[in-house]
Each structure stands twice: as C-alpha cells, then as structure tokens.
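File shown: model.cif (mmCIF, C-alpha atoms).
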data_final
#
loop_
_atom_site.label_atom_id
_atom_site.label_comp_id
_atom_site.auth_asym_id
_atom_site.auth_seq_id
_atom_site.Cartn_x
_atom_site.Cartn_y
_atom_site.Cartn_z
CA MET A 1 162.42 108.92 114.58
CA ILE A 2 162.17 111.07 117.70
CA SER A 3 164.95 113.57 118.32
CA SER A 4 165.94 115.71 121.30
CA ARG A 5 167.29 119.25 121.49
CA TYR A 6 169.88 118.02 124.03
CA ASN A 7 172.88 115.75 123.87
CA GLN A 8 171.49 112.28 124.68
CA ASN A 9 173.93 111.85 127.55
CA LEU A 10 172.21 114.62 129.56
CA PRO A 11 168.81 112.92 130.08
CA PHE A 12 170.57 109.53 130.08
CA TYR A 13 172.62 110.37 133.18
CA PHE A 14 169.65 111.85 135.05
CA ILE A 15 167.53 108.76 134.39
CA ILE A 16 170.43 106.58 135.55
CA ALA A 17 170.73 108.73 138.68
CA ALA A 18 167.02 108.27 139.37
CA ALA A 19 167.36 104.51 138.84
CA CYS A 20 170.09 104.41 141.51
CA THR A 21 168.27 106.29 144.26
CA PHE A 22 164.86 104.60 144.67
CA VAL A 23 165.27 103.48 148.28
CA PHE A 24 168.43 105.38 149.16
CA SER A 25 167.04 108.93 149.09
CA ILE A 26 163.50 110.01 148.21
CA PHE A 27 164.76 113.59 147.98
CA LEU A 28 167.43 112.75 145.38
CA LEU A 29 165.02 110.50 143.49
CA GLN A 30 162.56 113.36 143.14
CA ILE A 31 165.33 115.78 142.18
CA PHE A 32 166.73 113.57 139.40
CA ALA A 33 163.30 112.51 138.13
CA GLY A 34 162.20 116.15 138.30
CA ILE A 35 165.18 117.36 136.26
CA ALA A 36 164.48 114.71 133.61
CA ALA A 37 160.88 115.94 133.51
CA LEU A 38 162.06 119.54 133.25
CA LEU A 39 164.25 118.67 130.27
CA TRP A 40 161.25 117.05 128.60
CA LEU A 41 159.09 120.14 129.16
CA PHE A 42 161.46 122.19 126.96
CA GLU A 43 161.56 119.67 124.12
CA LYS A 44 159.88 120.64 120.85
CA ASN A 45 156.16 119.89 120.82
CA ILE A 46 156.41 118.21 117.44
CA GLU A 47 158.89 115.70 118.91
CA LYS A 48 156.69 115.13 121.97
CA LYS A 49 153.79 114.26 119.67
CA LYS A 50 155.92 111.57 118.02
CA ALA A 51 156.36 109.90 121.42
CA PHE A 52 152.61 109.92 122.14
CA ASP A 53 151.25 106.37 121.99
CA ILE A 54 148.62 104.06 123.46
CA LEU A 55 150.46 103.83 126.81
CA THR A 56 150.64 107.62 127.01
CA ALA A 57 146.91 107.81 126.34
CA ALA A 58 146.21 105.25 129.10
CA VAL A 59 148.32 107.09 131.69
CA LEU A 60 146.84 110.44 130.65
CA THR A 61 143.28 109.09 130.94
CA PHE A 62 143.97 107.77 134.44
CA GLY A 63 145.59 111.06 135.43
CA ILE A 64 142.70 113.18 134.14
CA ILE A 65 140.13 111.10 136.03
CA ARG A 66 142.30 111.27 139.13
CA LEU A 67 142.44 115.07 138.76
CA ILE A 68 138.68 115.37 138.29
CA THR A 69 138.09 113.44 141.51
CA VAL A 70 140.34 115.88 143.37
CA PHE A 71 137.90 118.67 142.54
CA THR A 72 134.81 116.55 143.26
CA SER A 73 136.28 115.26 146.54
CA GLU A 74 134.21 115.12 149.72
CA TYR A 75 137.36 116.30 151.54
CA PRO A 76 139.13 118.69 149.12
CA ASN A 77 141.76 119.88 151.61
CA VAL A 78 143.05 116.32 151.88
CA SER A 79 142.71 115.46 148.19
CA TYR A 80 144.62 118.55 147.02
CA GLU A 81 147.78 116.86 148.33
CA VAL A 82 147.67 114.66 145.21
CA LEU A 83 148.64 117.62 143.04
CA TYR A 84 152.16 117.70 144.45
CA LYS A 85 152.56 114.22 145.99
CA GLU A 86 151.64 112.26 142.86
CA GLY A 87 152.59 114.77 140.17
CA ILE A 88 156.10 113.29 139.82
CA PHE A 89 154.55 110.00 138.61
CA TYR A 90 153.05 111.69 135.54
CA LEU A 91 155.94 114.06 134.86
CA PHE A 92 158.52 111.29 135.03
CA PHE A 93 156.36 109.08 132.84
CA PHE A 94 156.25 111.63 130.00
CA SER A 95 159.99 112.30 130.20
CA ALA A 96 161.06 108.64 130.52
CA ASN A 97 158.65 107.53 127.78
CA PHE A 98 160.14 110.20 125.52
CA TYR A 99 163.86 109.74 126.22
CA LEU A 100 163.98 105.95 126.44
CA LYS A 101 162.67 105.81 122.87
CA ILE A 102 165.58 108.00 121.78
CA PHE A 103 168.27 105.97 123.55
CA SER A 104 169.96 103.07 121.81
CA VAL A 105 169.29 99.53 123.04
CA GLU A 106 172.76 99.54 124.57
CA LYS A 107 171.92 102.60 126.67
CA ARG A 108 168.65 101.04 127.83
CA LEU A 109 170.43 97.84 128.82
CA ILE A 110 172.97 99.91 130.77
CA ILE A 111 170.11 101.56 132.68
CA ILE A 112 168.74 98.10 133.51
CA GLN A 113 172.15 96.83 134.64
CA ILE A 114 172.75 99.84 136.88
CA PHE A 115 169.25 99.55 138.32
CA LEU A 116 169.91 95.88 139.18
CA PHE A 117 173.28 96.71 140.74
CA ALA A 118 171.63 99.41 142.88
CA ALA A 119 168.91 96.93 143.92
CA ALA A 120 171.56 94.44 145.08
CA ILE A 121 173.33 97.16 147.10
CA ALA A 122 170.00 98.26 148.60
CA SER A 123 169.22 94.67 149.55
CA LEU A 124 172.63 94.31 151.21
CA THR A 125 172.09 97.44 153.30
CA GLY A 126 168.69 96.14 154.37
CA ILE A 127 170.11 92.73 155.29
CA ILE A 128 172.97 94.27 157.28
CA SER A 129 170.70 96.67 159.16
CA PHE A 130 168.37 93.76 159.98
CA ASN A 131 171.25 91.63 161.30
CA LEU A 132 172.48 94.54 163.42
CA ASN A 133 168.98 94.84 164.92
CA TYR A 134 168.38 98.35 163.62
CA TYR A 135 164.95 97.26 162.39
CA ASP A 136 162.60 94.35 163.13
CA ARG A 137 162.23 93.79 159.36
CA ALA A 138 164.74 94.46 156.59
CA GLN A 139 164.15 97.85 155.01
CA SER A 140 165.97 100.82 153.54
CA PHE A 141 167.05 103.90 155.46
CA SER A 142 164.63 106.18 153.62
CA SER A 143 161.61 103.89 153.09
CA GLY A 144 159.72 101.26 155.07
CA TYR A 145 159.76 97.51 154.56
CA THR A 146 156.77 97.55 152.17
CA VAL A 147 158.51 99.84 149.68
CA PHE A 148 161.79 97.95 150.19
CA SER A 149 160.29 94.52 149.48
CA THR A 150 158.23 95.70 146.48
CA TYR A 151 161.34 97.38 145.04
CA LEU A 152 163.40 94.19 145.35
CA LEU A 153 160.53 92.09 144.02
CA ALA A 154 160.32 94.29 140.91
CA ALA A 155 164.08 93.89 140.34
CA LEU A 156 164.22 90.10 140.83
CA PRO A 157 162.55 88.90 137.58
CA ILE A 158 164.48 91.46 135.52
CA LEU A 159 167.67 89.97 136.97
CA ILE A 160 166.51 86.37 136.43
CA PHE A 161 165.67 87.01 132.77
CA SER A 162 168.43 89.49 131.94
CA PRO A 163 170.51 88.52 128.87
CA LEU A 164 173.31 86.16 129.82
CA ASN A 165 176.39 85.04 127.96
CA LYS A 166 176.20 81.29 128.65
CA ASP A 167 179.87 80.85 127.80
CA ASP A 168 180.95 83.42 130.40
CA LYS A 169 181.12 81.88 133.89
CA LYS A 170 181.52 85.35 135.40
CA ASP A 171 178.08 86.38 134.10
CA ARG A 172 176.52 83.25 135.59
CA TYR A 173 178.18 83.71 138.98
CA LEU A 174 177.19 87.37 139.16
CA ARG A 175 173.55 86.52 138.39
CA VAL A 176 173.45 83.79 141.05
CA ILE A 177 175.05 86.08 143.64
CA GLY A 178 172.66 88.90 142.74
CA ILE A 179 169.62 86.60 143.02
CA ILE A 180 170.81 85.33 146.42
CA ILE A 181 171.29 88.86 147.76
CA ILE A 182 167.89 90.07 146.56
CA VAL A 183 166.02 86.98 147.77
CA ILE A 184 167.60 87.19 151.25
CA GLY A 185 166.53 90.85 151.36
CA LEU A 186 162.99 89.78 150.52
CA VAL A 187 162.99 86.97 153.10
CA THR A 188 164.25 89.22 155.91
CA SER A 189 161.70 91.90 155.02
CA LEU A 190 159.12 89.27 156.09
CA GLY A 191 156.53 90.24 153.49
CA ARG A 192 154.57 87.05 152.91
CA THR A 193 153.21 88.14 149.53
CA SER A 194 156.65 89.25 148.33
CA ILE A 195 158.30 86.00 149.44
CA ALA A 196 155.62 83.91 147.72
CA LEU A 197 156.00 85.89 144.48
CA ALA A 198 159.80 85.63 144.65
CA VAL A 199 159.49 81.83 144.86
CA LEU A 200 157.09 81.92 141.89
CA PHE A 201 159.58 83.96 139.81
CA LEU A 202 162.38 81.50 140.66
CA VAL A 203 160.15 78.60 139.58
CA PHE A 204 159.44 80.35 136.26
CA GLY A 205 163.17 81.00 135.91
CA VAL A 206 163.83 77.26 136.17
CA ILE A 207 160.92 76.27 133.89
CA LEU A 208 161.99 78.75 131.20
CA LYS A 209 165.62 77.58 131.56
CA LYS A 210 167.05 80.88 132.76
CA ILE A 211 168.25 79.22 135.99
CA SER A 212 169.85 75.77 135.86
CA TYR A 213 168.98 73.06 138.39
CA ARG A 214 172.49 73.34 139.82
CA ASP A 215 172.17 77.10 140.26
CA ILE A 216 168.72 76.93 141.86
CA LEU A 217 170.06 74.36 144.33
CA ILE A 218 172.94 76.70 145.21
CA ILE A 219 170.52 79.62 145.57
CA LEU A 220 168.16 77.69 147.87
CA ILE A 221 170.94 76.35 150.10
CA VAL A 222 172.74 79.68 150.50
CA VAL A 223 169.51 81.66 151.01
CA SER A 224 168.32 79.15 153.63
CA LEU A 225 171.59 79.26 155.56
CA LEU A 226 171.94 83.04 155.49
CA ALA A 227 168.24 83.53 156.33
CA LEU A 228 168.59 81.24 159.37
CA LEU A 229 171.65 83.18 160.46
CA SER A 230 169.81 86.47 160.03
CA PHE A 231 166.81 85.28 162.06
CA HIS A 232 169.16 84.02 164.75
CA ASN A 233 170.63 87.52 164.97
CA ASN A 234 167.22 89.23 164.89
CA SER A 235 164.21 87.16 165.91
CA HIS A 236 161.77 89.84 167.18
CA GLN A 237 159.35 89.97 164.27
CA VAL A 238 159.83 86.46 162.93
CA ILE A 239 158.62 84.90 166.21
CA GLY A 240 155.31 86.71 165.77
CA ARG A 241 155.10 85.48 162.18
CA ILE A 242 155.68 81.89 163.27
CA ASP A 243 153.07 82.17 166.04
CA ASN A 244 150.55 83.71 163.63
CA PRO A 245 151.52 82.65 160.09
CA VAL A 246 148.19 83.64 158.51
CA GLY A 247 147.61 86.86 160.45
CA LEU A 248 145.57 89.39 158.47
CA SER A 249 147.28 92.54 159.83
CA ASP A 250 143.88 94.22 160.34
CA ARG A 251 142.86 93.45 156.75
CA ASP A 252 139.71 91.71 157.98
CA VAL A 253 138.67 94.99 159.63
CA LEU A 254 139.61 96.94 156.50
CA TYR A 255 137.47 94.69 154.30
CA LYS A 256 134.60 94.85 156.78
CA GLY A 257 134.77 98.67 156.71
CA ALA A 258 134.99 98.65 152.90
CA LYS A 259 131.83 96.56 152.71
CA GLU A 260 129.94 99.15 154.80
CA ILE A 261 130.65 102.05 152.44
CA LEU A 262 131.16 100.19 149.15
CA PHE A 263 128.22 101.74 147.28
CA ASN A 264 128.05 105.18 148.89
CA HIS A 265 130.07 107.03 146.20
CA PRO A 266 130.47 104.55 143.33
CA ILE A 267 130.91 106.95 140.37
CA LEU A 268 133.80 109.26 141.31
CA GLY A 269 134.58 108.05 144.81
CA TYR A 270 135.22 110.11 147.92
CA GLY A 271 138.35 111.78 146.55
CA PRO A 272 142.06 110.82 146.59
CA ARG A 273 143.82 110.19 149.91
CA THR A 274 140.60 110.32 151.95
CA PHE A 275 140.96 106.96 153.73
CA LYS A 276 141.36 108.45 157.22
CA SER A 277 138.32 110.66 156.66
CA ILE A 278 135.97 107.91 155.47
CA PHE A 279 136.99 104.63 157.14
CA PRO A 280 134.17 103.77 159.56
CA LEU A 281 135.85 101.21 161.87
CA PHE A 282 138.99 102.82 163.28
CA SER A 283 137.89 101.79 166.78
CA GLU A 284 138.33 98.13 165.77
CA MET A 285 141.81 98.56 164.28
CA THR A 286 144.83 97.24 166.17
CA ASP A 287 147.10 99.65 164.32
CA LYS A 288 145.56 103.13 164.53
CA GLY A 289 148.22 104.51 162.19
CA VAL A 290 147.01 102.71 159.06
CA GLY A 291 146.74 105.25 156.24
CA GLY A 292 145.24 103.24 153.39
CA TRP A 293 143.20 100.23 152.34
CA HIS A 294 146.19 97.86 151.91
CA ASN A 295 144.70 96.99 148.52
CA GLU A 296 145.31 99.30 145.59
CA PHE A 297 142.16 98.26 143.74
CA LEU A 298 140.01 99.22 146.73
CA GLN A 299 142.12 102.34 147.25
CA ILE A 300 141.52 103.62 143.73
CA TYR A 301 137.84 102.68 143.80
CA PHE A 302 137.19 104.63 147.02
CA ASP A 303 139.43 107.49 145.85
CA SER A 304 138.18 107.84 142.28
CA GLY A 305 135.17 105.59 141.91
CA ILE A 306 134.35 103.17 139.13
CA PHE A 307 135.71 105.60 136.52
CA GLY A 308 139.10 105.69 138.22
CA LEU A 309 139.20 101.92 138.73
CA THR A 310 138.24 101.31 135.09
CA ALA A 311 141.01 103.65 133.89
CA TYR A 312 143.47 101.85 136.20
CA LEU A 313 142.49 98.42 134.84
CA LEU A 314 142.71 99.72 131.25
CA LEU A 315 146.24 100.99 131.98
CA ILE A 316 147.23 97.54 133.23
CA ALA A 317 145.62 95.87 130.22
CA CYS A 318 147.45 98.27 127.90
CA ILE A 319 150.83 97.36 129.42
CA TYR A 320 150.23 93.64 128.93
CA PHE A 321 148.94 94.24 125.40
CA ILE A 322 152.19 96.02 124.54
CA GLY A 323 154.29 93.31 126.20
CA ILE A 324 152.54 90.41 124.47
CA LYS A 325 152.81 92.16 121.12
CA LEU A 326 156.54 92.62 121.69
CA LEU A 327 156.98 88.96 122.61
CA LYS A 328 155.42 87.98 119.28
CA SER A 329 158.12 89.97 117.49
CA ARG A 330 160.78 87.74 119.15
CA ILE A 331 163.12 90.70 119.65
CA TYR A 332 164.97 90.98 122.99
CA THR A 333 162.61 88.32 124.35
CA ASP A 334 164.47 87.77 127.64
CA VAL A 335 164.38 91.47 128.51
CA ILE A 336 160.68 91.74 127.63
CA ILE A 337 159.78 88.69 129.76
CA GLY A 338 161.73 90.08 132.71
CA LEU A 339 160.03 93.46 132.44
CA LEU A 340 156.58 91.84 132.11
CA PHE A 341 157.18 89.75 135.22
CA SER A 342 158.35 92.91 136.97
CA VAL A 343 155.08 94.63 136.01
CA SER A 344 153.25 91.57 137.32
CA SER A 345 155.03 91.92 140.66
CA PHE A 346 153.48 95.39 141.04
CA ILE A 347 150.01 94.22 140.02
CA LEU A 348 150.00 91.13 142.26
CA SER A 349 151.43 92.99 145.26
CA ALA A 350 148.69 95.61 144.76
CA PHE A 351 146.23 93.14 146.29
CA THR A 352 147.95 93.60 149.66
CA SER A 353 149.57 97.04 149.31
CA GLY A 354 149.92 99.53 146.43
CA PHE A 355 152.30 101.50 144.25
CA ILE A 356 150.53 104.22 142.22
CA THR A 357 150.19 106.53 145.24
CA SER A 358 153.70 105.81 146.58
CA ALA A 359 156.33 108.51 146.01
CA VAL A 360 158.99 105.85 145.36
CA LEU A 361 157.17 102.89 143.85
CA SER A 362 155.17 104.95 141.35
CA VAL A 363 158.41 106.28 139.84
CA LEU A 364 159.88 102.76 139.81
CA PHE A 365 156.75 101.52 138.05
CA VAL A 366 157.19 104.27 135.45
CA LEU A 367 160.78 103.20 134.80
CA VAL A 368 159.73 99.57 134.26
CA ILE A 369 156.76 100.26 131.96
CA THR A 370 158.58 102.90 129.88
CA LEU A 371 161.55 100.56 129.44
CA LEU A 372 159.13 97.91 128.22
CA ASN A 373 157.38 100.38 125.94
CA SER A 374 160.66 101.66 124.49
CA PHE A 375 161.35 98.33 122.78
CA LYS A 376 158.51 99.06 120.38
CA ILE A 377 161.06 101.14 118.48
CA GLU A 378 163.00 97.97 117.57
CA HIS A 379 159.72 96.20 116.77
CA LEU A 380 158.78 98.96 114.31
CA ASN A 381 162.20 98.94 112.74
#
Rendering of file as structure tokens:
Amino acid sequence: MISSRYNQNLPFYFIIAAACTFVFSIFLLQIFAGIAALLWLFEKNIEKKKAFDILTAAVLTFGIIRLITVFTSEYPNVSYEVLYKEGIFYLFFFSANFYLKIFSVEKRLIIIQIFLFAAAIASLTGIISFNLNYYDRAQSFSSGYTVFSTYLLAALPILIFSPLNKDDKKDRYLRVIGIIIIVIGLVTSLGRTSIALAVLFLVFGVILKKISYRDILIILIVVSLLALLSFHNNSHQVIGRIDNPVGLSDRDVLYKGAKEILFNHPILGYGPRTFKSIFPLFSEMTDKGVGGWHNEFLQIYFDSGIFGLTAYLLLIACIYFIGIKLLKSRIYTDVIIGLLFSVSSFILSAFTSGFITSAVLSVLFVLVITLLNSFKIEHLN
C-alpha cells in the first residue's frame, strides 16, 4: 500500500479544487494543480516508487522525448516555451497518479461527482452567455469554444455511465437533467466533431442500457426545443454553418502544407510549438491567426518527429490496455466504461483539434486517465 506524509484530506481538497476550475479560471486551475504537485514533490521517494507503473513509464517516455526535441529544435526560442507551458501536465500527472491511489473509492467517486457538477455549471454559463449574444458560439469566460466543447464532451460519457441507484427517481432525474444541460452546451458550441461524438455516446448509453428509451426521448425533445430557442436568440454563427455544413475551416490548406514538409524532419521533428515558423502556406489561409495543425497527431509528428508520435501512440495504447484489463475484473464496471469513453473523446477529437499541448485540456486528460488508473488498486486487492 502507498502512504502519504500528509493527512489525505489535504491533497484531496486540492485535487477537487482543480477539478472544479477547468474552464472557470486557468490561473486557479494551475494554482491548485501546482500545489498538488508541490505536495507530491515532498513525499518520500520510497512511496513514490510504489506508485510508479506502466502508465507512469508511458507518460515519462513521452515527456523525455518531448524534452529532447526542445533542445534539438530548429527554433529553440519558440520551443523553450514548452518547459513552462506544458510542465503542469507532467507535474499534475505524477501527483494525481500518486494521490488517487491512496484515496478510498468513495473519495474518488466524490471527485467524479464534483467534476460532473462543475461541468454542468460550466455548460449553463456557456449556454446563457450564448443566448445573451456575448459570443457567437457557446464557450467559457476563460477559454475558447474548442476547450469548452472538449471539456463537456469528456464529462458526458462519465455522466452517462456513472453509477445510478435505479430505485431512486431523484438520481435518474438528476442524470437526465445533467445530460440535457451538457448536450445543449455542446450543440450551442457548434463543434461538429463534438456534437457527432455526443450523439455516439448517447447511442452507446441506450445500447448498454444506461439510458432508457423514455429518458432518451425526453433528452432529445428538450435538447431540440432549447437548442432551437438558443439559435433563435443568437443566429450569427449557425447561419454560416447551415450555408456551409461541410466547411473545412482551412483544414484543406493545413493538410496541403503538411504534405509539402512531411518528410523534411521525420526523426525528431522541427521542435515543439514551431507551427508558425514552419507552415509554408500562410498566404492561402483565411484565418491568419491559426496557431496549430488542428490535428494532434500531425502536431506531435511535426513537433517531435516519429519518435514523439510513437511515444504518444504507445501512451494511448497503454491507457486502453489498463482500461480493458480493469473491465475484465468486473469491478466498478460502469465507472471504468465511462472513463474509457471519456479518454476516447480526447483521442477522437484529436483528429480535429488537440489536448496534450492545451493548458486546460492536458490537465483534464490527466485527471481522467489517473482516475482510471487508480482503480487498479481494487483490481489488485
């Protein structure tokens, strides 16, 4: 068993605080995640070693390769930003992976419940701001619509598959209301990939009997009515989406540019965060402010080469290996399925955006994968 030098409530409250602040305040998120990481730094080394596992090795391998490509970068002044902009991802991983294994199942479920409650509140604020015409697409006050929609998408399957007392009507009503709020937030954020994946998660929820036919009918009717009302109140962006439903948002130019330089630096890439320095077709872009490849697999390949991309794919494979192994144990199956679908939301959305290099989404990803990994303790017991 792993033990901590602190009272468990201390790291528990800081991880809860981090779980509440993802799209409300990046500053507070980094503060709370940073304090949790600081607590971990002062833990006994012998206890840290007990928490070291295959997932830790996968994250560490990816981080080391990422670090190497900073020093081999074609544009070192740009790549050095990784050291402080992405450092919180690794620090929070080590602390969360350590402390979540110490917490009881009850404490971990509380973290999940509070995270879901915060996601519903975040979705409500986005919906309200959209209806009041503050933004053309629903988003949070501290992050754009891409982070907002990916955040809600990661929360949705966890909510759908969260443990439910079937004899308690209150539990059922709260889940239905929560799903409606999060789905409307996703619809009004107008992210086509996120909306498609949300529909897919709802379908799986029905197939796996986590959502009844009656409840899915209620969800669809209410979401449709409230979405129509929202688009009546704010129709700026949705008109463009209707006129151009399959618009590529400059992705065709991005892929064309990627093809031109695909094999120039295949081993270790150009260096992290070098998109603006290497992209050859800015003159053809409609949006001159684009700062990345809008595809995390391409992003990592051009940043860190085939070594970085291989480490990234191995990390993903490791997460699914852990999840599938846990499912075979038949312990807390609903929670595991929800967390695995949440991981899948990150991976699938990575084809049109990304999360590893995001200050918010990378920390959210850490919370999801370390929660999943923490249930190995019950499997071993």
Inset, instruction - Would you translate the PyMOL selection byres ((chain A and resi 201-207) around 8) into the concrete set of residues it matches in this file, as a PyMOL selection string? - result: chain A and resi 156-157+160-161+197-200+208-213+216+341
Legend entry - Counting only C-alpha atoms, the option among A:Arg273, A:Lys50, A:Arg137, A:His265 closest to Lys85 of chain A: A:Arg273
Legend entry - Who sits within 6 Å of segment 143-155 of chain A, all atoms listed in the file, same chain under 2 positions skipped, as number ranges by chain: A: 139-141, 157-158, 186, 189, 342, 345
Those residues with C-alpha atoms, as a PDB file, in the frame of the given file please?
ATOM      1  CA  GLN A 139     164.150  97.850 155.010  1.00  0.00           C
ATOM      2  CA  SER A 140     165.970 100.820 153.540  1.00  0.00           C
ATOM      3  CA  PHE A 141     167.050 103.900 155.460  1.00  0.00           C
ATOM      4  CA  PRO A 157     162.550  88.900 137.580  1.00  0.00           C
ATOM      5  CA  ILE A 158     164.480  91.460 135.520  1.00  0.00           C
ATOM      6  CA  LEU A 186     162.990  89.780 150.520  1.00  0.00           C
ATOM      7  CA  SER A 189     161.700  91.900 155.020  1.00  0.00           C
ATOM      8  CA  SER A 342     158.350  92.910 136.970  1.00  0.00           C
ATOM      9  CA  SER A 345     155.030  91.920 140.660  1.00  0.00           C
TER      10      SER A 345
END
Inset, instruction - Measure the distance from atom CA of Ala122 of chain A to atom CA of Gln30 of chain A in Å and round it to one decimal. - result: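 Taking atom CA of Ala122 of chain A as the start and atom CA of Gln30 of chain A as the end point, the length is 17.7 Å.
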Inset, instruction - Please write the residues picked by the PyMOL selection byres ((chain A and resi 304) around 7) on this file as a PyMOL selection string. - result: chain A and resi 66+69+268-272+300-303+305-309
Legend entry - Polymer residues at most 8 Å from Val366 of chain A, all atoms listed in the file, same-chain spacing of 2 or more positions, as a ChimeraX atom specification: /A:89,92-93,96,362-364,368-370
Inset, instruction - Go ahead and compute the interatomic distance for atom CA of Ala58 of chain A and atom CA of Leu313 of chain A, in Å to one decimal. - result: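 The value is 9.7 Å.
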Legend entry - Evaluate the PyMOL selection byres ((chain A and resi 44) around 12) and report residues as a ChimeraX atom specification: /A:2-6,39-43,45-51,98
What does the file look like for those residues with C-alpha atoms, as an mmCIF file, keeping the file's coordinate frame?
data_model
loop_
_atom_site.group_PDB
_atom_site.id
_atom_site.type_symbol
_atom_site.label_atom_id
_atom_site.label_comp_id
_atom_site.auth_asym_id
_atom_site.auth_seq_id
_atom_site.Cartn_x
_atom_site.Cartn_y
_atom_site.Cartn_z
ATOM 1 C CA ILE A 2 162.170 111.070 117.700
ATOM 2 C CA SER A 3 164.950 113.570 118.320
ATOM 3 C CA SER A 4 165.940 115.710 121.300
ATOM 4 C CA ARG A 5 167.290 119.250 121.490
ATOM 5 C CA TYR A 6 169.880 118.020 124.030
ATOM 6 C CA LEU A 39 164.250 118.670 130.270
ATOM 7 C CA TRP A 40 161.250 117.050 128.600
ATOM 8 C CA LEU A 41 159.090 120.140 129.160
ATOM 9 C CA PHE A 42 161.460 122.190 126.960
ATOM 10 C CA GLU A 43 161.560 119.670 124.120
ATOM 11 C CA ASN A 45 156.160 119.890 120.820
ATOM 12 C CA ILE A 46 156.410 118.210 117.440
ATOM 13 C CA GLU A 47 158.890 115.700 118.910
ATOM 14 C CA LYS A 48 156.690 115.130 121.970
ATOM 15 C CA LYS A 49 153.790 114.260 119.670
ATOM 16 C CA LYS A 50 155.920 111.570 118.020
ATOM 17 C CA ALA A 51 156.360 109.900 121.420
ATOM 18 C CA PHE A 98 160.140 110.200 125.520
#
Inset, instruction - Quote the spacing between atom CA of Phe24 of chain A and atom CA of Leu367 of chain A in Å to one decimal place. - result: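 It comes out at 16.4 Å.
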Inset, instruction - Name the residues in contact with Leu100 of chain A at a cut-off of 10 Å, using all atoms listed in the file, excluding same-chain residues fewer than 2 positions from it; report them as number ranges by chain. - result: A: 8, 11-12, 15, 51, 95-98, 102-105, 107-108, 111, 367, 370-375, 377
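Ranking A:Ile121, A:Val253, A:Ile128, A:Ile261 by their shortest atom-to-atom distance to Val290 of chain A, with all atoms listed in the file included, puts A:Val253 first.
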Legend entry - From A:Thr72, A:Ser329, A:Thr188, A:Ser358, residue lying nearest Val223 of chain A [only C-alpha atoms]: A:Thr188
Legend entry - Spatial neighbours of Leu315 of chain A, max dist 12 Å, only C-alpha atoms, sep filter under 4 positions, as a count of residues only: 23
Inset, instruction - Considering only C-alpha atoms, return as a ChimeraX atom specification whatever protein or nucleic-acid residues lie within 12 Å of Asn133 of chain A, sequence-local ones (same chain, fewer than 4 positions apart) excluded. - result: /A:126-129,137-139,188,230-237
Legend entry - Distance criterion (all atoms listed in the file): nearest to Tyr99 of chain A out of A:Ile195, A:Met1, A:Leu229, A:Val23: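 Smallest separation from Tyr99 of chain A among the options: A:Met1.
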Legend entry - Ref. answer, residues at most 8 Å from (146.2, 93.6, 145.6) with only C-alpha atoms, as a ChimeraX atom specification: /A:294-297,347-354
